[in-house]
Structures are given as structure tokens and as C-alpha cells.
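> One structure, pasted below without further comment.
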Amino acid sequence: MGTDVLLIVTVLIALGFDFTNGFHDTANAVATSISTRALGPRAAVALSAVFNLVGALVAIEVLHTHVANTIGGLVSPKHGVSLGMIIAALVGAIVWNLITWRLGLPSSSSHALIGALVGMGVVAYGVDAVKWGSVVPVVLALVASPVIGLVLSYLFTVGVLDFFRHSQPSPMNRRFRLAQIASGAFVSFSHGANDAQKTMGVITLALVSAGALTATGTLFPSPPLWVVLLAATAIGLGTYAGGWRIIRTLGMKVIRLEPVDGFCAQTMAAVVIQGATQLALPVSTTHVVSGAVMGAGATRRLGAVRWGVARNILVAWVLTIPATAAMAAVCALGIRAV
């Protein structure tokens with residue numbers, strides 16, 4: 001297969017991952033809005049799709065593509081990463097996304113891609129090819145961000161409930177349902193700005209591998225505009241496709257949320273994601289929102305959270321990086337054998 005054809009295949013598979021990222025992570029922005037009846041399912045998914053697209057486009061114009069550069073530079077062997085090995089990493093991440101979607105588990109597309117890149121890098125190029133100085137901060141951010149989301153959401157919800165403690169429940173619920181439309185849009189925007197950059201970074205890595213782009217010294221090149229547009233469109237379309245199994249898990253099985261809880265959880269989750277984006281750290285929107293939902297719900301009482309469902313989600317979180325690393329490693333070995 002010629003280099004040009006293989007490059008096109010790689011880009012298409014990367015966009016396929018971006019699409020699965022969109023429908024896999026739809027629950028992040030819309031589950032709480034749907035569960036509190038702030039929006040109907042289709043309206044919530046459509047709103048999320050639009051703001052995912054906007055967030056991804058704004059990423060290059062305002063927020064810049066630092067997250068994309070972080071992802072693209074995680075594996076950097078002396079003679080570059082081949083297109084076949086990039087495909088191996090993408091396949092490993094896509095397979096895990098589909099498995100967890102089928103099971104209705106809100107696992108992390110970010111963990112999936114990072115685990116797959118590391119697994120591919122170690123098997124194909126050796127341990128030294130992986131830029132561990134970049135991987136370690138990324139993994140720490142992935143682990144810490146849901147805890148930060150939980151704590152901030154808990155504190156913010158306590159403060160909001162205290163501020164409105166003398167308000168009548170019915171009018172307060174109406175106001176917070178309206179506020180949830182804005183907070184849900186904020187989460188979707190933040191998701192697009194952070195998560196779409198992962199695919200931008202992988203496609204840029206493929207372009208460097210094929211010789212279509214050149215890295216300047218140790219600097220990883222920024223994604224071209226057409227890459228940004230394609231990645232933004234793919235994640236937006238994926239979001240509109242919806243991930244109803246995961247929406248049911250996150251919005252209805254973990255905890256029964258009131259509109260004020262949903263607003264607080266969404267707002268704090270978006271704040272954490274935006275902070276990570278500014279620091280060039282790819283975090284898991286799934287994990288951050290899940291942590292924020294648990295934090296907001298725990299203000300009622302700890303028993304209000306269905307910790308058995310939360311435990312299943314946690315198991316999926318823990319397994320994601322080693323599972324995708326193993327899947328990508330097997331794919332890499334298979335491609336190498338061929």
C-alpha cells in the first residue's frame with residue numbers, strides 16, 4: 001500500500017476514533033440535563049453537538065492546540081512513528097470505546113488513546129521511545145481531575161444550596177433547569193476544546209510520519225486548519241449520534257439529581273476541563289463529569305449515590321489504560337508480522 005493511501009486510511013481511522021469519542025462522551029454533557037428534565041433527549045444531544053463543534057474550532061483560534069501537541073509528542077522514536085503503528089494505536093482505542101459503550105460504562109476516551117499510544121510505542125519502538133516525562137503528568141492529571149471535580153462540585157453545591165436555602169423548591173427548580181442549558185453547553189464546549197485536540201494530535205503525527213509535515217527540532221508542529229475542521233466535525237457528528245446506554249448509566253443509575261445538583265456538577269466539571277486545557281493537559285471529560293455528579297449528589301447524603309454503579313465505573317477507569325495498551329500492542333505485533 002502506497003504512503004499516500006496509507007495516510008488517508010490513517011486519517012479516516014483517526015476520524016472514526018473521534019466519532020466514537022463524540023458518541024461515547026455525549027453523556028458527559030447531556031445526562032444530567034436529561035435526568036433533571038432541563039432538556040429533552042434530542043434537544044440536549046443537538047445542543048451538545050453544536051457546542052462540541054464550536055469548542056473544537058475555538059481551540060485553535062483562542063485556546064491554541066497545546067493539548068494536540070502533547071498527544072502527538074507522547075511517542076517519539078528516533079526515526080519517527082510509522083503509519084501502521086499509528087493505526088494500531090487507534091484500533092486499540094476504538095475497540096475499547098465500543099466495548100465500554102456496549103456495556104453502558106462511561107469510560108475515558110482520553111485514557112483509551114493514551115494507553116493505546118503507550119502500548120504501541122513500547123512494543124514497536126521500545127521503552128525509550130515513549131516520552132515518559134510527558135506521559136507521567138498526563139496520567140497524573142487524568143487521575144487527579146475527577147477527584148478535583150468531585151471536591152469542587154461538592155463545595156460549590158453546598159454553597160449554592162446554602163445561598164438559596166430560603167427559596168421555594170418549585171421556582172428554584174425552574175430557574176436551575178434553565179441554568180442547566182447554559183452549564184450543559186459549557187461542558188460541551190469544554191469537551192470539544194479538549195477532546196477533539198487528541199485526534200488533531202494523532203492526525204498531525206500521521207502527517208509528520210508521512211513527510212507531509214516537518215517537526216522543527218524537538219517542537220511538534222501545530223495541526224493544519226483542515227485537520228482542526230475535520231476533527232471538530234467528526235466529534236460533533238459523533239455527539240449528535242448519541243450514546244444512550246452511557247447516558248442512562250450516568251444520568252439515571254449513579255444518582256437521582258435535582259436541577260441545582262445538575263447545574264453545579266456541570267459547571268464545576270467544565271471549570272476543571274477548561275483549566276486542564278489551558279495547562280495543555282488532556283483530561284477525561286467522562287471522569288471529571290462523573291466525579292462532579294457524585295460530588296453534587298453526595299451533598300444530599302452519601303447513601304444517595306449508588307456506589308455499586310460507581311464501583312463498576314471505577315473498574316472500567318482502572319482497566320482502560322492497561323487494556324488499550326495491550327490491545328494496541330497486539331495490533332502492532334500483527335501489523336508488523338504482516
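Residues are referred to by chain and number: the chain letter is A, B, ... according to the order shown in the C-alpha cells, the number counts from 1 in that chain, and ligands are numbered separately from 1 in the order shown.
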If you run DSSP on the backbone, which residues of stretch 108-240 of chain A are helix (DSSP H, G or I), as a PyMOL selection string?
chain A and resi 109-125+127-129+132-163+169-209+225-240
> Quick one: everything within 9 Å of stretch 44-50 of chain A, counting only C-alpha atoms, minus sequence neighbours fewer than 2 positions away in the same chain. Send it as a ChimeraX atom specification.
/A:22,26-27,29-31,33-34,38-42,52-55,181,184-185,187-189,192,235-242
> Pull C-alpha atoms from the residues just selected and write them as a compact mmCIF listing (two decimals), in the first residue's frame.

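The file below, part17.txt, is the result:
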```txt
# COMPACT_ATOMS: atom_id res chain seq x y z
CA GLY A 22 -18.23 12.00 20.40
CA THR A 26 -22.19 12.56 24.83
CA ALA A 27 -23.34 11.52 28.29
CA ALA A 29 -22.78 16.98 28.79
CA VAL A 30 -26.35 15.78 28.42
CA ALA A 31 -27.04 13.07 31.00
CA SER A 33 -29.77 17.81 31.72
CA ILE A 34 -31.94 14.90 30.58
CA ALA A 38 -34.00 20.54 31.78
CA LEU A 39 -33.95 19.42 28.14
CA GLY A 40 -35.47 16.63 26.11
CA PRO A 41 -33.05 13.93 24.86
CA ARG A 42 -32.82 15.07 21.23
CA ASN A 52 -18.64 20.36 20.86
CA LEU A 53 -18.06 21.62 17.33
CA VAL A 54 -17.67 25.22 18.46
CA GLY A 55 -15.27 24.24 21.25
CA ILE A 181 -28.94 24.65 29.46
CA GLY A 184 -24.53 21.85 29.68
CA ALA A 185 -23.40 23.98 26.75
CA VAL A 187 -19.41 21.31 29.37
CA SER A 188 -19.89 20.50 25.67
CA PHE A 189 -17.75 23.46 24.64
CA GLY A 192 -14.79 19.87 22.25
CA ILE A 235 -16.65 14.84 17.21
CA GLY A 236 -19.75 16.97 16.59
CA LEU A 237 -21.37 14.29 14.42
CA GLY A 238 -20.45 11.61 16.93
CA THR A 239 -22.03 13.63 19.69
CA TYR A 240 -25.25 14.01 17.71
CA ALA A 241 -25.36 10.25 17.17
CA GLY A 242 -25.75 9.97 20.94
```
> Any idea what's packed within 8 Å of stretch 15-18 of chain A, counting only C-alpha atoms, ignoring anything in its chain fewer than 6 positions away? Could you give it as a list of chain:residue names?
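Final neighbour list, sorted by chain and number: A:Leu90, A:Ala93, A:Ile94, A:Ala196, A:Thr199, A:Leu230, A:Ala231, A:Ala234, A:Ile235, A:Gly238.
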> For A:Val151, find every residue with an atom within 9 Å (counting only C-alpha atoms), except residues of its own chain fewer than 6 positions away, and show them as a list in words.
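What passes the distance filter is Gly291, Ala292, Gly295 and Ala296 of chain A.
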> Restricting it to C-alpha atoms, dump the selection as a PDB file, in the first residue's frame.

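As written to disk, result28.pdb reads:
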```pdb
ATOM      1  CA  GLY A 291     -16.749  12.789  39.727  1.00  0.00           C
ATOM      2  CA  ALA A 292     -18.665  16.075  39.712  1.00  0.00           C
ATOM      3  CA  GLY A 295     -19.803  15.228  44.458  1.00  0.00           C
ATOM      4  CA  ALA A 296     -23.040  17.137  43.851  1.00  0.00           C
TER       5      ALA A 296
END
```
> Find the residues around A:Gly133 up to 12 Å (only C-alpha atoms counted), leave out those fewer than 5 positions away in its own chain, and share them as a compact mmCIF listing (two decimals) with N, CA and C atoms, in the first residue's frame.

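Dumped to part-v2.txt:
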```
# COMPACT_ATOMS: atom_id res chain seq x y z
N THR A 70 0.67 17.91 22.89
CA THR A 70 1.03 16.97 23.96
C THR A 70 0.80 15.54 23.52
N GLY A 73 3.15 14.21 20.72
CA GLY A 73 4.54 14.02 21.08
C GLY A 73 4.79 12.95 22.14
N LEU A 74 3.77 12.17 22.49
CA LEU A 74 3.95 11.16 23.55
C LEU A 74 4.89 10.04 23.13
N VAL A 75 4.85 9.67 21.86
CA VAL A 75 5.73 8.61 21.33
C VAL A 75 6.61 9.24 20.26
N SER A 76 7.91 9.21 20.49
CA SER A 76 8.81 9.90 19.57
C SER A 76 10.11 9.12 19.38
N ASP A 128 12.24 3.40 25.56
CA ASP A 128 12.85 4.73 25.45
C ASP A 128 12.15 5.62 24.44
N VAL A 138 0.51 13.69 32.28
CA VAL A 138 -0.79 13.42 31.69
C VAL A 138 -1.58 12.42 32.53
N VAL A 139 -0.92 11.34 32.93
CA VAL A 139 -1.60 10.32 33.74
C VAL A 139 -2.00 10.90 35.10
N LEU A 140 -1.12 11.69 35.69
CA LEU A 140 -1.45 12.32 36.97
C LEU A 140 -2.67 13.23 36.84
```
> Give me the residues near stretch 267-278 of chain A as a ChimeraX atom specification, where near means some atom within 10 Å (using only C-alpha atoms) and where sequence neighbours in that chain fewer than 4 positions away do not count.
/A:28-29,59,63-67,138,141-142,145-146,148-157,179-180,182-191,193-195,197,261-263,282-293,296
> Could the residues in this selection be written to a file with C-alpha atoms, as an mmCIF file, in the first residue's frame?

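File written: selection.cif
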```
data_model
loop_
_atom_site.group_PDB
_atom_site.id
_atom_site.type_symbol
_atom_site.label_atom_id
_atom_site.label_comp_id
_atom_site.auth_asym_id
_atom_site.auth_seq_id
_atom_site.Cartn_x
_atom_site.Cartn_y
_atom_site.Cartn_z
ATOM 1 C CA ASN A 28 -20.856 13.911 29.848
ATOM 2 C CA ALA A 29 -22.777 16.978 28.794
ATOM 3 C CA ALA A 59 -9.378 25.520 20.374
ATOM 4 C CA LEU A 63 -7.003 28.277 23.251
ATOM 5 C CA HIS A 64 -4.355 27.091 20.765
ATOM 6 C CA THR A 65 -3.566 23.428 20.178
ATOM 7 C CA HIS A 66 -1.318 22.675 23.151
ATOM 8 C CA VAL A 67 -3.276 19.529 24.050
ATOM 9 C CA VAL A 138 -0.793 13.425 31.686
ATOM 10 C CA ALA A 141 -3.880 14.842 35.509
ATOM 11 C CA LEU A 142 -6.195 12.044 34.373
ATOM 12 C CA SER A 145 -9.059 15.614 37.669
ATOM 13 C CA PRO A 146 -12.126 13.543 38.683
ATOM 14 C CA ILE A 148 -10.826 17.661 41.888
ATOM 15 C CA GLY A 149 -14.168 17.693 40.071
ATOM 16 C CA LEU A 150 -15.823 15.778 42.926
ATOM 17 C CA VAL A 151 -14.455 18.081 45.640
ATOM 18 C CA LEU A 152 -15.203 21.328 43.782
ATOM 19 C CA SER A 153 -18.677 20.142 42.846
ATOM 20 C CA TYR A 154 -19.433 19.170 46.444
ATOM 21 C CA LEU A 155 -18.249 22.528 47.810
ATOM 22 C CA PHE A 156 -19.978 24.541 45.079
ATOM 23 C CA THR A 157 -23.248 22.675 45.568
ATOM 24 C CA ALA A 179 -29.354 27.452 34.044
ATOM 25 C CA GLN A 180 -28.558 23.837 33.134
ATOM 26 C CA ALA A 182 -26.039 27.095 29.819
ATOM 27 C CA SER A 183 -23.945 24.800 32.034
ATOM 28 C CA GLY A 184 -24.527 21.849 29.678
ATOM 29 C CA ALA A 185 -23.396 23.982 26.748
ATOM 30 C CA PHE A 186 -20.306 24.979 28.776
ATOM 31 C CA VAL A 187 -19.411 21.312 29.373
ATOM 32 C CA SER A 188 -19.889 20.501 25.666
ATOM 33 C CA PHE A 189 -17.748 23.464 24.643
ATOM 34 C CA SER A 190 -15.022 22.408 27.073
ATOM 35 C CA HIS A 191 -15.216 18.797 25.876
ATOM 36 C CA ALA A 193 -11.884 22.164 23.103
ATOM 37 C CA ASN A 194 -10.013 19.429 24.991
ATOM 38 C CA ASP A 195 -11.043 16.082 23.499
ATOM 39 C CA GLN A 197 -7.443 18.031 20.136
ATOM 40 C CA ASP A 261 -27.250 19.428 41.526
ATOM 41 C CA GLY A 262 -27.033 19.070 37.758
ATOM 42 C CA PHE A 263 -26.154 22.732 37.289
ATOM 43 C CA PRO A 282 -5.630 16.060 28.071
ATOM 44 C CA VAL A 283 -8.092 15.033 30.783
ATOM 45 C CA SER A 284 -11.057 12.693 30.702
ATOM 46 C CA THR A 285 -14.307 14.593 30.381
ATOM 47 C CA THR A 286 -16.060 11.356 31.321
ATOM 48 C CA HIS A 287 -14.162 11.044 34.577
ATOM 49 C CA VAL A 288 -14.430 14.716 35.508
ATOM 50 C CA VAL A 289 -18.189 14.845 34.943
ATOM 51 C CA SER A 290 -18.725 11.520 36.731
ATOM 52 C CA GLY A 291 -16.749 12.789 39.727
ATOM 53 C CA ALA A 292 -18.665 16.075 39.712
ATOM 54 C CA VAL A 293 -22.012 14.252 39.588
ATOM 55 C CA ALA A 296 -23.040 17.137 43.851
#
```
> Which of these residues is nearest to A:Pro77, using only C-alpha atoms: A:Val147, A:Ala116, A:Leu205, A:Leu98?
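That would be A:Leu205, the residue with the smallest distance to A:Pro77.
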> In Å, how far is it from atom CA of A:Ala212 to atom CA of A:Pro137?
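Atom-to-atom, atom CA of A:Ala212 and atom CA of A:Pro137 are spaced 29.3 Å apart.
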> Taking only C-alpha atoms into account, which of A:Arg102, A:His24, A:Arg37, A:His111 comes nearest A:Ile321?
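So, comparing all the options, the nearest one is A:His111.
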> What is the distance between atom CA of A:Ile71 and atom CA of A:Tyr125, in Å to one decimal?
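Straight-line distance from atom CA of A:Ile71 to atom CA of A:Tyr125 works out to 17.0 Å.
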> Point out the residue among A:Thr233, A:Asn21, A:Ser82, A:Ser35 with the least atom-to-atom distance to A:Asn97, counting only C-alpha atoms.
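Once distances to A:Asn97 are computed over only C-alpha atoms, the minimum belongs to A:Asn21.
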